[in-house]
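Next comes target_24.cif, with mmCIF, C-alpha atoms and all ligand atoms.
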data_structure
loop_
_atom_site.label_atom_id
_atom_site.label_comp_id
_atom_site.auth_asym_id
_atom_site.auth_seq_id
_atom_site.Cartn_x
_atom_site.Cartn_y
_atom_site.Cartn_z
CA MET A 948 243.57 294.66 99.17
CA LYS A 949 243.58 295.60 95.46
CA THR A 950 245.55 298.18 93.49
CA ALA A 951 244.73 300.66 90.72
CA TYR A 952 247.23 302.81 88.81
CA PHE A 953 246.13 306.08 87.20
CA ALA A 954 248.25 308.75 85.48
CA GLY A 955 246.22 311.97 85.64
CA GLY A 956 248.74 314.80 85.22
CA CYS A 957 250.30 316.37 88.33
CA PHE A 958 250.14 313.63 90.98
CA TRP A 959 249.79 316.13 93.84
CA CYS A 960 246.55 317.37 92.31
CA ILE A 961 244.65 314.11 91.92
CA THR A 962 245.70 312.48 95.21
CA PRO A 963 243.14 314.15 97.56
CA THR A 964 240.18 313.09 95.39
CA PHE A 965 241.04 309.41 95.82
CA GLU A 966 242.09 309.66 99.48
CA ALA A 967 238.56 310.86 100.23
CA ILE A 968 236.93 307.68 98.90
CA GLU A 969 235.68 305.16 101.42
CA GLY A 970 237.58 301.90 101.15
CA VAL A 971 240.77 303.52 99.81
CA SER A 972 243.57 302.80 102.28
CA SER A 973 246.47 304.60 100.57
CA VAL A 974 247.35 306.79 97.61
CA VAL A 975 251.03 306.95 96.70
CA SER A 976 252.60 309.34 94.16
CA GLY A 977 255.10 307.79 91.79
CA TYR A 978 256.20 307.02 88.25
CA CYS A 979 254.96 304.40 85.79
CA GLY A 980 255.20 303.38 82.18
CA GLY A 981 258.89 303.91 81.36
CA ASP A 982 261.81 301.50 81.56
CA GLU A 983 264.16 303.41 83.85
CA VAL A 984 264.47 301.90 87.33
CA ASN A 985 264.01 304.30 90.27
CA PRO A 986 263.69 307.51 88.21
CA THR A 987 264.00 310.93 89.88
CA TYR A 988 261.32 313.64 89.71
CA ALA A 989 263.73 315.95 87.88
CA ASP A 990 264.40 313.37 85.15
CA VAL A 991 260.71 312.45 84.75
CA LYS A 992 259.76 316.13 84.52
CA ALA A 993 262.56 316.72 81.97
CA GLN A 994 260.97 313.90 79.90
CA LYS A 995 264.15 311.79 80.06
CA THR A 996 262.64 308.54 81.35
CA GLY A 997 259.42 307.71 79.46
CA HIS A 998 257.50 307.61 82.77
CA ARG A 999 254.27 309.39 83.61
CA GLU A 1000 253.38 310.87 87.00
CA THR A 1001 251.06 308.20 88.36
CA ILE A 1002 249.18 307.43 91.55
CA LYS A 1003 248.99 303.99 93.09
CA ILE A 1004 245.66 303.47 94.86
CA GLU A 1005 245.27 300.62 97.35
CA TYR A 1006 241.68 299.79 98.18
CA ASP A 1007 239.61 297.26 100.05
CA GLU A 1008 237.49 295.60 97.37
CA THR A 1009 234.65 294.94 99.84
CA LYS A 1010 234.22 298.72 100.32
CA ALA A 1011 235.30 300.31 97.01
CA ASP A 1012 235.35 298.87 93.52
CA TYR A 1013 237.53 299.47 90.48
CA SER A 1014 234.59 300.60 88.39
CA ARG A 1015 233.83 303.46 90.81
CA LEU A 1016 237.51 304.48 91.07
CA LEU A 1017 237.69 304.59 87.29
CA GLU A 1018 234.52 306.70 87.02
CA ILE A 1019 236.01 309.19 89.50
CA TYR A 1020 239.33 309.23 87.62
CA LEU A 1021 237.62 309.90 84.27
CA SER A 1022 235.60 312.74 85.72
CA SER A 1023 238.55 314.40 87.46
CA VAL A 1024 240.85 314.66 84.43
CA ASP A 1025 240.64 316.41 81.08
CA PRO A 1026 240.25 313.35 78.79
CA TYR A 1027 240.62 315.41 75.60
CA ASP A 1028 244.09 316.87 76.23
CA ALA A 1029 246.76 314.95 74.29
CA GLU A 1030 249.59 317.22 75.50
CA GLY A 1031 249.27 316.89 79.29
CA GLN A 1032 246.85 318.16 81.91
CA PHE A 1033 245.88 321.78 82.49
CA ILE A 1034 249.04 323.93 82.81
CA ASP A 1035 251.32 320.86 82.97
CA LYS A 1036 252.37 319.84 79.48
CA GLY A 1037 254.69 317.07 78.28
CA PHE A 1038 254.47 313.27 78.02
CA SER A 1039 254.92 312.73 81.79
CA TYR A 1040 251.65 314.63 82.37
CA THR A 1041 249.58 312.77 79.77
CA LEU A 1042 246.78 310.42 80.80
CA ALA A 1043 247.19 306.68 81.18
CA ILE A 1044 245.51 303.81 82.92
CA TYR A 1045 247.81 300.91 83.82
CA TYR A 1046 245.66 297.82 84.28
CA THR A 1047 246.81 294.87 86.40
CA ASP A 1048 244.48 292.12 85.10
CA ASP A 1049 241.90 291.31 82.41
CA GLU A 1050 239.01 292.34 84.60
CA GLN A 1051 240.41 295.86 85.03
CA LYS A 1052 241.17 296.05 81.29
CA LYS A 1053 237.58 295.08 80.41
CA GLU A 1054 236.17 297.78 82.72
CA VAL A 1055 238.58 300.41 81.31
CA ASP A 1056 237.59 299.53 77.73
CA ARG A 1057 233.90 299.69 78.65
CA GLN A 1058 234.07 303.10 80.36
CA ILE A 1059 236.28 304.63 77.67
CA ALA A 1060 233.88 303.38 74.97
CA ASP A 1061 230.99 305.04 76.90
CA LEU A 1062 232.95 308.28 77.11
CA LYS A 1063 233.78 308.17 73.39
CA ALA A 1064 230.11 307.62 72.57
CA ILE A 1065 229.13 310.97 74.11
CA SER A 1066 232.28 312.93 73.22
CA SER A 1067 232.44 315.54 70.53
CA MET A 1068 236.26 315.62 70.92
CA GLU A 1069 238.88 312.88 70.73
CA VAL A 1070 239.50 310.96 73.97
CA CYS A 1071 243.27 310.84 74.70
CA ILE A 1072 243.95 308.20 77.36
CA ALA A 1073 246.62 305.50 76.97
CA VAL A 1074 245.57 302.07 78.23
CA GLU A 1075 248.61 299.93 79.03
CA PRO A 1076 249.42 296.80 81.04
CA PHE A 1077 251.04 297.58 84.40
CA LYS A 1078 254.81 296.92 84.48
CA ALA A 1079 256.36 298.65 87.50
CA PHE A 1080 255.71 301.56 89.85
CA TYR A 1081 258.43 303.62 91.50
CA ASP A 1082 257.53 305.73 94.53
CA ALA A 1083 258.20 309.44 94.10
CA GLU A 1084 260.45 311.28 96.56
CA GLU A 1085 258.99 311.69 100.07
CA TYR A 1086 258.23 315.44 99.70
CA HIS A 1087 255.76 314.61 96.89
CA GLN A 1088 253.72 312.25 99.08
CA ASP A 1089 250.55 313.91 100.41
CA TYR A 1090 251.80 317.26 99.12
CA HIS A 1091 248.35 318.78 99.76
CA LEU A 1092 248.62 317.98 103.50
CA LYS A 1093 252.25 319.09 103.86
CA ASN A 1094 251.85 322.34 101.88
CA PRO A 1095 248.16 323.34 101.97
CA GLU A 1096 248.66 326.96 100.88
CA ALA A 1097 251.06 326.18 98.03
CA PHE A 1098 248.73 323.37 96.96
CA GLU A 1099 245.67 325.66 96.81
CA LYS A 1100 247.72 328.15 94.77
CA GLU A 1101 248.80 325.33 92.44
CA LEU A 1102 245.15 324.30 91.84
CA ILE A 1103 244.20 327.86 90.87
CA GLU A 1104 247.34 328.63 88.83
CA SER A 1105 247.17 325.29 87.01
CA GLY A 1106 243.62 326.02 85.88
CA ARG A 1107 242.12 323.13 87.85
CA LYS A 1108 240.16 325.48 90.11
CA ILE A 1109 238.61 328.85 89.26
CA ASP A 1110 239.52 331.85 91.43
CA TYR A 1111 235.97 333.03 92.12
CA GLU A 1112 237.17 335.80 94.43
CA LEU A 1113 238.79 337.39 91.39
CA VAL A 1114 235.87 336.70 88.99
CA ASN A 1115 233.34 338.05 91.49
CA ALA A 1116 235.42 341.18 92.16
CA GLN A 1117 235.50 341.77 88.39
CA LEU A 1118 231.72 341.36 88.19
CA GLN A 1119 231.19 343.77 91.07
CA ALA A 1120 233.39 346.39 89.37
CA LEU A 1121 231.56 345.91 86.05
CA VAL A 1122 228.00 346.21 87.26
CA GLU A 1123 227.87 348.36 90.37
CA ASP A 1124 227.81 351.73 88.63
CA ASN A 1125 225.90 350.70 85.53
CA LYS A 1126 222.13 351.11 85.65
CA TYR A 1127 221.23 349.02 82.58
CA THR A 1128 220.27 345.43 83.39
CA ILE A 1129 220.71 344.12 79.84
CA SER A 1130 224.28 345.36 79.56
CA ASN A 1131 225.08 344.01 83.06
CA LEU A 1132 223.76 340.54 82.18
CA SER A 1133 225.51 340.63 78.80
CA ASN A 1134 228.84 341.43 80.41
CA ALA A 1135 228.19 338.88 83.18
CA SER A 1136 227.75 336.10 80.60
CA ALA A 1137 230.88 337.25 78.73
CA LEU A 1138 232.85 337.31 82.00
CA ILE A 1139 231.83 333.74 82.84
CA TYR A 1140 232.52 332.48 79.33
CA ASP A 1141 235.94 334.09 79.38
CA SER A 1142 236.96 333.18 82.95
CA LEU A 1143 235.80 329.57 83.22
CA ASP A 1144 237.42 326.95 81.03
CA ARG A 1145 235.75 323.96 79.32
CA LEU A 1146 232.39 325.62 78.58
CA ASN A 1147 230.17 325.66 75.51
CA TRP A 1148 227.38 327.94 76.76
CA ALA A 1149 226.89 330.54 79.51
CA GLY A 1150 223.98 332.89 79.91
CA PHE A 1151 220.61 333.78 81.32
CA TYR A 1152 216.97 332.79 81.06
CA LEU A 1153 214.63 335.42 82.54
CA MET A 1154 211.06 335.00 83.81
CA GLU A 1155 208.48 336.59 81.48
CA ASP A 1156 204.78 335.64 81.27
CA GLY A 1157 205.28 332.78 83.77
CA LYS A 1158 208.02 331.05 81.75
CA LEU A 1159 211.78 331.31 81.18
CA ILE A 1160 212.74 333.37 78.12
CA LEU A 1161 216.24 333.41 76.61
CA GLY A 1162 218.33 336.36 77.82
CA PRO A 1163 221.91 337.55 77.18
CA PHE A 1164 224.33 334.66 76.58
CA GLN A 1165 227.54 333.41 74.96
CA GLY A 1166 227.58 330.22 72.88
CA LYS A 1167 225.51 328.62 70.14
CA VAL A 1168 221.90 329.63 69.45
CA ALA A 1169 219.64 328.22 72.16
CA CYS A 1170 215.98 327.42 72.79
CA MET A 1171 214.01 330.59 73.47
CA GLU A 1172 211.37 329.41 75.95
CA ILE A 1173 211.55 326.95 78.84
CA PRO A 1174 208.42 326.20 80.90
CA VAL A 1175 208.80 326.20 84.71
CA GLY A 1176 209.43 322.60 85.84
CA LYS A 1177 210.95 321.53 82.49
CA GLY A 1178 214.61 320.80 81.81
CA VAL A 1179 217.42 321.71 84.19
CA CYS A 1180 216.55 325.43 84.07
CA GLY A 1181 212.83 324.94 84.71
CA THR A 1182 213.64 322.53 87.56
CA ALA A 1183 215.95 325.12 89.18
CA VAL A 1184 212.99 327.54 89.15
CA ALA A 1185 210.37 325.02 90.33
CA LYS A 1186 212.57 323.83 93.21
CA ASP A 1187 214.12 327.25 93.76
CA GLU A 1188 217.55 325.68 94.13
CA THR A 1189 220.81 325.33 92.22
CA GLN A 1190 220.98 322.29 89.95
CA LEU A 1191 224.44 320.74 89.67
CA VAL A 1192 224.17 318.12 86.93
CA ALA A 1193 227.22 315.88 86.42
CA ASP A 1194 225.76 314.10 83.38
CA VAL A 1195 222.87 315.81 81.56
CA HIS A 1196 221.97 312.56 79.78
CA LYS A 1197 220.92 311.16 83.15
CA PHE A 1198 218.76 314.21 84.05
CA PRO A 1199 215.10 313.43 83.32
CA GLY A 1200 213.72 315.97 80.84
CA HIS A 1201 217.02 317.70 80.10
CA ILE A 1202 216.60 320.05 77.11
CA ALA A 1203 219.52 319.61 74.69
CA CYS A 1204 220.06 322.98 72.99
CA ASP A 1205 223.63 322.13 72.02
CA SER A 1206 224.31 318.40 71.61
CA ALA A 1207 227.90 319.00 72.78
CA SER A 1208 226.71 319.65 76.37
CA ASN A 1209 227.46 316.90 78.88
CA SER A 1210 227.22 318.67 82.23
CA GLU A 1211 225.43 321.77 83.45
CA ILE A 1212 224.91 324.09 86.41
CA VAL A 1213 221.86 326.32 86.84
CA VAL A 1214 221.55 328.92 89.62
CA PRO A 1215 218.23 330.69 90.32
CA ILE A 1216 218.24 334.50 90.47
CA HIS A 1217 215.84 336.44 92.73
CA LYS A 1218 214.55 339.99 92.71
CA ASP A 1219 212.06 341.50 95.19
CA GLY A 1220 211.41 338.12 96.81
CA LYS A 1221 210.50 336.41 93.51
CA ILE A 1222 212.41 334.32 90.96
CA TYR A 1223 213.76 336.67 88.32
CA GLY A 1224 215.47 334.05 86.13
CA VAL A 1225 218.43 331.67 86.08
CA LEU A 1226 222.13 331.66 85.29
CA ASP A 1227 222.73 328.59 83.08
CA ILE A 1228 226.20 327.22 82.24
CA ASP A 1229 226.94 324.19 80.05
CA SER A 1230 230.10 322.16 79.47
CA PRO A 1231 231.03 319.50 76.91
CA TYR A 1232 232.83 317.71 79.80
CA LEU A 1233 231.13 315.28 82.15
CA ASN A 1234 231.13 316.44 85.78
CA ARG A 1235 232.69 319.82 84.92
CA PHE A 1236 231.11 321.64 87.88
CA SER A 1237 231.99 321.04 91.53
CA GLU A 1238 230.77 322.30 94.89
CA HIS A 1239 233.54 324.93 94.55
CA ASP A 1240 231.89 326.18 91.32
CA LYS A 1241 228.44 326.07 92.94
CA ALA A 1242 229.57 328.25 95.87
CA GLY A 1243 231.44 330.68 93.57
CA LEU A 1244 228.55 330.99 91.11
CA GLU A 1245 225.95 331.45 93.84
CA LYS A 1246 228.07 334.37 95.08
CA PHE A 1247 228.26 335.64 91.46
CA VAL A 1248 224.45 335.58 91.27
CA SER A 1249 224.11 337.33 94.63
CA ILE A 1250 226.19 340.23 93.25
CA LEU A 1251 223.82 340.46 90.26
CA GLU A 1252 220.84 340.39 92.61
CA LYS A 1253 222.29 343.18 94.75
CA CYS A 1254 223.62 345.51 92.13
CA GLY A 1255 223.41 344.09 88.59
CA ILE A 1256 219.64 343.87 88.15
CA LYS A 1257 218.05 347.30 88.46
N1 LIG A 1301 219.85 322.45 79.05
C1 LIG A 1301 218.91 323.44 79.51
C2 LIG A 1301 218.32 324.23 78.35
C3 LIG A 1301 219.06 325.49 78.04
S1 LIG A 1301 220.53 325.23 77.22
O1 LIG A 1301 221.40 324.46 78.10
C4 LIG A 1301 221.24 326.67 76.85
C5 LIG A 1301 217.79 322.76 80.29
O2 LIG A 1301 217.69 321.52 80.30
O3 LIG A 1301 217.05 323.47 80.93
#
Written as structure tokens, how would this file's structure read?
Ligand code: SME
Amino acid sequence: MKTAYFAGGCFWCITPTFEAIEGVSSVVSGYCGGDEVNPTYADVKAQKTGHRETIKIEYDETKADYSRLLEIYLSSVDPYDAEGQFIDKGFSYTLAIYYTDDEQKKEVDRQIADLKAISSMEVCIAVEPFKAFYDAEEYHQDYHLKNPEAFEKELIESGRKIDYELVNAQLQALVEDNKYTISNLSNASALIYDSLDRLNWAGFYLMEDGKLILGPFQGKVACMEIPVGKGVCGTAVAKDETQLVADVHKFPGHIACDSASNSEIVVPIHKDGKIYGVLDIDSPYLNRFSEHDKAGLEKFVSILEKCGIK
């Protein structure tokens, strides 16, 4: 059995991600990095102890490896926030990796260097040797299982998860009584850009003359034509399915309109049984979009199909 220690902001929030990994036998919430022995949650949160909220992950090295755990950690936190994570601010919520041996340290240095190489913003993750871990109070352990409703609320209120019910209700209200497609798509792109965090582009490409032509959007100037089958957008049309791309640099033929983009989601839009265009959203973060975003954005597109596109 091996151990990894990651500080990723609120420990409740990052626990379920690691519990779901095959080979992980336990995830414990606790405190790391400071000198105080057996700190309390209240003192850590009040920034009196120098500790960070940290999870201790025990895993069977024949089934899970440190490199994979680290990749998942780096893609589930906001590596550019020096003040904390999402709504939780203060030193105890800042990012840190506590390594236990040279092998872990080497892997951490390698993956952080890779992240820095593609980042347009500064990476803010402390890398420190492991000293001691103190278990948090029992009510913090597996908080998501003990308090599922409060936990879901916490994810939405903290900004870790978008409330698509709200966004989609806003879209419905905006477009249902407006007969002009261009203004509906313009407001739809503004609504996405405003409601989702960590984006650098959101908008539409629409089918004209057998290819995708740039439509209403928010963000930097973008390429105006995309052939069907090319790039993430053209692939979404050719396959007629949503493309959820965790790392655009690994997507064959990705078209880089804005070099800041690192992940992307593209949802096809239909009208009268044919492809009408795509909703395309880009983020400077790796792995920004989840299955939760995919489901919410497919619902968003279905509202446009029903009453936004006239
Ligand atoms: N990246 C897209 C091109 C459009 S921009 O992201 C706005 C693609 O590969 O299709």
Could you list, as a PyMOL selection string, all the residues within 6 Å of ligand LIG 1301 (chain A), counting all atoms listed in the file? chain A and resi 1169+1178-1181+1201-1204+1229
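Closest approach to Pro1199 in chain A among A:Arg999, A:Lys1177, A:Lys1167, A:Lys1186 is made by A:Lys1177 (distances from all atoms listed in the file).
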Around the point (232.0, 326.4, 91.1) in the file's coordinates, collect all residues with an atom within 12 Å, using only C-alpha atoms, and return them as an NGL selection string. :A and (1107-1112 or 1114-1115 or 1139 or 1142-1144 or 1189-1191 or 1211-1214 or 1228 or 1234-1248)
Would you output that residue set with C-alpha atoms, as a tab-separated table (two decimals), in the coordinates of the input?
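Now in result_33.tsv:
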chain	number	residue	atom	x	y	z
A	1107	ARG	CA	242.12	323.13	87.85
A	1108	LYS	CA	240.16	325.48	90.11
A	1109	ILE	CA	238.61	328.85	89.26
A	1110	ASP	CA	239.52	331.85	91.43
A	1111	TYR	CA	235.97	333.03	92.12
A	1112	GLU	CA	237.17	335.80	94.43
A	1114	VAL	CA	235.87	336.70	88.99
A	1115	ASN	CA	233.34	338.05	91.49
A	1139	ILE	CA	231.83	333.74	82.84
A	1142	SER	CA	236.96	333.18	82.95
A	1143	LEU	CA	235.80	329.57	83.22
A	1144	ASP	CA	237.42	326.95	81.03
A	1189	THR	CA	220.81	325.33	92.22
A	1190	GLN	CA	220.98	322.29	89.95
A	1191	LEU	CA	224.44	320.74	89.67
A	1211	GLU	CA	225.43	321.77	83.45
A	1212	ILE	CA	224.91	324.09	86.41
A	1213	VAL	CA	221.86	326.32	86.84
A	1214	VAL	CA	221.55	328.92	89.62
A	1228	ILE	CA	226.20	327.22	82.24
A	1234	ASN	CA	231.13	316.44	85.78
A	1235	ARG	CA	232.69	319.82	84.92
A	1236	PHE	CA	231.11	321.64	87.88
A	1237	SER	CA	231.99	321.04	91.53
A	1238	GLU	CA	230.77	322.30	94.89
A	1239	HIS	CA	233.54	324.93	94.55
A	1240	ASP	CA	231.89	326.18	91.32
A	1241	LYS	CA	228.44	326.07	92.94
A	1242	ALA	CA	229.57	328.25	95.87
A	1243	GLY	CA	231.44	330.68	93.57
A	1244	LEU	CA	228.55	330.99	91.11
A	1245	GLU	CA	225.95	331.45	93.84
A	1246	LYS	CA	228.07	334.37	95.08
A	1247	PHE	CA	228.26	335.64	91.46
A	1248	VAL	CA	224.45	335.58	91.27
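What separates CA of Asp1025 in chain A from CA of Val984 in chain A is a distance of 28.6 Å.
Across A:Ile1044, A:Ile1256, A:Ala993, A:Val1184, the tightest approach to Leu1159 in chain A is made by A:Val1184 when counting all atoms listed in the file.
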